[in-house]
Amino acid sequence: MTTLKLAVPSKGRLKEQAETFFAGAGFAIEALGGARGYFARIAGLPDVEVRLLSAGEIAAGVISGDVHVGVSGEDLLREQAGDLDRVVHLLAPLGFGRADLVVAAPKSWLDVETMADVDDVAARMEAATGRKLRVATKYVRSTRRYFTEEGVGHYRIVESAGATEGAPAAGVAELVVDITTTGATLESNGLKILRDGVILRSQAQLAASLDAEWSATAVAALEKLVAGIEAKAPGSTGRLKQFMAALNNTCA
């Protein structure tokens, strides 16, 4: 593995924002094979191979080491990795793709405003009915981690395959954990975000894999890339140094 494998979003608003960000840093991404191609290049960086993938595929690729660096949401990275800091280093927050991962309850639950309230309701529900409080979400790992941190028990996860915010109205769950940008969709479905229910304030991250096969060529290409984006993402050079130290420790 010689070239630096960089994965960027292949479609949608995130693709447009990533291309704008890199172009502003002096790295115009040029698609190969037309609009439906899976590869691209950056003029002036011949040692960078650009792959066009979905945000979820990028997160998985960085975590597994199939790609060296990728642009994906922090929510996806943390959801897919059991211990993100062990396998991935976040080089730069990119300032777009912002969204919050939140816990939301029905507005009709007037006495439920905090995670402590949720724990109390869940305990009373199980004692009275023998049923655990149901939490609908696509973010299973992040939900379990946060509920454990907050000391909330007496619940079970209902994995959501569709529109998570509709689960309480459909009668399949009492609470939801979902991603939101404004909260408007949750509100329109009769839900409110708990006062301490923000699990993560996510945004797109330039993430580097600690498990990828790093060659001297790939490292040098990453240094050029990071040097170019430093003005748009201040502090990325410092994070690169931290990554290199972590990479050296991993390889030692």
# chains A, B, ... in the order shown; residues from 1 in each chain; ligands from 1
>>> residues_around(residues="A:Ala104", least_positions_apart="2", cutoff="6 Å", atoms="only C-alpha atoms", output="ChimeraX atom specification")
/A:175-176,191-194
>>> residues_around(residues="stretch 180-186 of chain A", least_positions_apart="3", cutoff="7 Å", atoms="only C-alpha atoms", output="short mmCIF file (atom, residue, chain, number, x, y, z; two decimals) with N, CA, C and O atoms, in the first residue's frame")
data_model
loop_
_atom_site.label_atom_id
_atom_site.label_comp_id
_atom_site.auth_asym_id
_atom_site.auth_seq_id
_atom_site.Cartn_x
_atom_site.Cartn_y
_atom_site.Cartn_z
N ARG A 98 -23.26 19.30 10.53
CA ARG A 98 -23.56 19.39 11.97
C ARG A 98 -24.92 18.78 12.29
O ARG A 98 -25.90 19.00 11.59
N ALA A 99 -24.97 18.01 13.36
CA ALA A 99 -26.21 17.42 13.84
C ALA A 99 -25.98 16.92 15.26
O ALA A 99 -24.84 16.61 15.64
N ASP A 100 -27.05 16.86 16.04
CA ASP A 100 -26.96 16.38 17.41
C ASP A 100 -27.61 15.01 17.54
O ASP A 100 -28.68 14.77 17.00
N LEU A 101 -26.95 14.12 18.27
CA LEU A 101 -27.55 12.85 18.64
C LEU A 101 -28.21 13.04 20.00
O LEU A 101 -27.53 13.39 20.97
N GLU A 165 -38.33 8.84 14.63
CA GLU A 165 -39.14 9.79 15.39
C GLU A 165 -40.62 9.40 15.45
O GLU A 165 -41.37 9.87 16.29
N ASN A 189 -43.45 15.52 15.70
CA ASN A 189 -43.94 14.20 16.07
C ASN A 189 -44.26 14.10 17.56
O ASN A 189 -44.36 12.99 18.11
N GLY A 190 -44.41 15.27 18.20
CA GLY A 190 -44.83 15.28 19.59
C GLY A 190 -43.76 14.91 20.58
O GLY A 190 -44.06 14.45 21.69
N LEU A 191 -42.49 15.14 20.22
CA LEU A 191 -41.38 14.77 21.08
C LEU A 191 -40.59 15.99 21.54
O LEU A 191 -40.58 17.02 20.87
N LYS A 192 -39.92 15.86 22.67
CA LYS A 192 -39.07 16.93 23.21
C LYS A 192 -37.71 16.35 23.56
O LYS A 192 -37.61 15.19 23.99
#
>>> residues_around(residues="A:Val8", least_positions_apart="3", cutoff="12 Å", atoms="only C-alpha atoms", output="ChimeraX atom specification")
/A:5,11-12,14-22,29-31,38-42,49-59,61-62,67-73,204-207
>>> select_by_dssp(residues="stretch 18-217 of chain A", states="helix (DSSP H, G or I)", output="VMD selection string")
chain A and resid 18 to 24 55 to 64 74 to 80 84 to 87 115 to 129 140 to 149 164 to 170 184 to 188 216 to 217
>>> residues_around(residues="A:Asn249", least_positions_apart="6", cutoff="12 Å", atoms="only C-alpha atoms", output="count of residues only")
5
>>> closest_residue(among="A:Ala169, A:Val135, A:Ala81, A:Ala246", to="A:Lys107", atoms="only C-alpha atoms")
A:Ala169
>>> select_by_dssp(residues="stretch 88-187 of chain A", states="strand (DSSP E)", output="ChimeraX atom specification")
/A:88-93,99-106,133-137,155-159,175-180
>>> decode(residues="stretch 232-248 of chain A", atoms="all heavy atoms", output="short mmCIF file (atom, residue, chain, number, x, y, z; two decimals), in the first residue's frame")
data_model
loop_
_atom_site.label_atom_id
_atom_site.label_comp_id
_atom_site.auth_asym_id
_atom_site.auth_seq_id
_atom_site.Cartn_x
_atom_site.Cartn_y
_atom_site.Cartn_z
N LYS A 232 -8.25 26.38 7.13
CA LYS A 232 -9.69 26.19 7.24
C LYS A 232 -10.08 25.40 8.48
O LYS A 232 -11.22 25.49 8.96
CB LYS A 232 -10.23 25.47 5.99
CG LYS A 232 -10.14 26.31 4.72
CD LYS A 232 -10.74 25.59 3.54
CE LYS A 232 -12.24 25.43 3.66
NZ LYS A 232 -12.98 26.71 3.65
N ALA A 233 -9.16 24.61 8.99
CA ALA A 233 -9.41 23.83 10.20
C ALA A 233 -8.23 24.01 11.14
O ALA A 233 -7.37 23.13 11.25
CB ALA A 233 -9.61 22.36 9.85
N PRO A 234 -8.15 25.17 11.81
CA PRO A 234 -7.02 25.46 12.69
C PRO A 234 -6.82 24.37 13.74
O PRO A 234 -7.77 23.86 14.31
CB PRO A 234 -7.42 26.79 13.34
CG PRO A 234 -8.37 27.41 12.37
CD PRO A 234 -9.13 26.26 11.78
N GLY A 235 -5.56 24.04 13.94
CA GLY A 235 -5.24 23.00 14.92
C GLY A 235 -5.02 21.64 14.30
O GLY A 235 -4.59 20.70 14.97
N SER A 236 -5.29 21.51 12.99
CA SER A 236 -5.14 20.20 12.36
C SER A 236 -3.69 19.75 12.31
O SER A 236 -3.40 18.56 12.39
CB SER A 236 -5.75 20.21 10.95
OG SER A 236 -5.25 21.28 10.18
N THR A 237 -2.76 20.70 12.21
CA THR A 237 -1.35 20.33 12.20
C THR A 237 -0.95 19.72 13.55
O THR A 237 -0.24 18.72 13.61
CB THR A 237 -0.46 21.55 11.90
OG1 THR A 237 -0.78 22.05 10.60
CG2 THR A 237 1.01 21.17 11.95
N GLY A 238 -1.45 20.32 14.62
CA GLY A 238 -1.19 19.77 15.95
C GLY A 238 -1.79 18.38 16.11
O GLY A 238 -1.18 17.48 16.70
N ARG A 239 -2.98 18.20 15.56
CA ARG A 239 -3.62 16.88 15.65
C ARG A 239 -2.87 15.86 14.80
O ARG A 239 -2.84 14.67 15.14
CB ARG A 239 -5.08 16.97 15.21
CG ARG A 239 -5.94 17.78 16.17
CD ARG A 239 -7.41 17.57 15.86
NE ARG A 239 -8.26 18.36 16.74
CZ ARG A 239 -9.55 18.12 16.93
NH1 ARG A 239 -10.13 17.12 16.29
NH2 ARG A 239 -10.27 18.87 17.73
N LEU A 240 -2.28 16.32 13.68
CA LEU A 240 -1.47 15.42 12.87
C LEU A 240 -0.27 14.91 13.68
O LEU A 240 0.07 13.73 13.64
CB LEU A 240 -1.00 16.10 11.60
CG LEU A 240 -0.04 15.30 10.72
CD1 LEU A 240 -0.70 14.01 10.23
CD2 LEU A 240 0.44 16.13 9.53
N LYS A 241 0.36 15.80 14.42
CA LYS A 241 1.51 15.40 15.25
C LYS A 241 1.07 14.38 16.30
O LYS A 241 1.79 13.41 16.58
CB LYS A 241 2.13 16.64 15.91
CG LYS A 241 2.82 17.58 14.93
CD LYS A 241 3.37 18.81 15.65
CE LYS A 241 4.06 19.74 14.67
NZ LYS A 241 4.56 20.97 15.33
N GLN A 242 -0.10 14.59 16.88
CA GLN A 242 -0.62 13.64 17.86
C GLN A 242 -0.88 12.28 17.20
O GLN A 242 -0.60 11.23 17.78
CB GLN A 242 -1.91 14.18 18.48
CG GLN A 242 -1.72 15.42 19.33
CD GLN A 242 -3.05 16.03 19.75
OE1 GLN A 242 -4.12 15.52 19.44
NE2 GLN A 242 -2.98 17.15 20.46
N PHE A 243 -1.43 12.34 15.98
CA PHE A 243 -1.70 11.10 15.25
C PHE A 243 -0.40 10.36 14.95
O PHE A 243 -0.32 9.14 15.12
CB PHE A 243 -2.44 11.41 13.94
CG PHE A 243 -2.53 10.23 13.02
CD1 PHE A 243 -3.30 9.13 13.34
CD2 PHE A 243 -1.82 10.22 11.82
CE1 PHE A 243 -3.37 8.03 12.49
CE2 PHE A 243 -1.89 9.13 10.97
CZ PHE A 243 -2.68 8.04 11.30
N MET A 244 0.62 11.10 14.51
CA MET A 244 1.88 10.45 14.19
C MET A 244 2.48 9.79 15.43
O MET A 244 3.05 8.69 15.35
CB MET A 244 2.86 11.46 13.60
CG MET A 244 2.42 12.02 12.24
SD MET A 244 2.06 10.73 11.02
CE MET A 244 3.65 9.92 10.93
N ALA A 245 2.34 10.45 16.57
CA ALA A 245 2.84 9.85 17.81
C ALA A 245 2.08 8.59 18.15
O ALA A 245 2.66 7.57 18.53
CB ALA A 245 2.73 10.88 18.95
N ALA A 246 0.75 8.64 17.98
CA ALA A 246 -0.07 7.47 18.25
C ALA A 246 0.26 6.34 17.27
O ALA A 246 0.30 5.17 17.64
CB ALA A 246 -1.55 7.83 18.17
N LEU A 247 0.48 6.71 16.00
CA LEU A 247 0.81 5.72 14.99
C LEU A 247 2.15 5.06 15.30
O LEU A 247 2.30 3.83 15.19
CB LEU A 247 0.86 6.39 13.61
CG LEU A 247 1.02 5.48 12.39
CD1 LEU A 247 -0.17 4.54 12.29
CD2 LEU A 247 1.15 6.31 11.14
N ASN A 248 3.11 5.84 15.74
CA ASN A 248 4.41 5.29 16.10
C ASN A 248 4.29 4.34 17.28
O ASN A 248 4.96 3.30 17.32
CB ASN A 248 5.40 6.43 16.45
CG ASN A 248 5.81 7.22 15.21
OD1 ASN A 248 5.78 6.71 14.09
ND2 ASN A 248 6.20 8.47 15.41
#
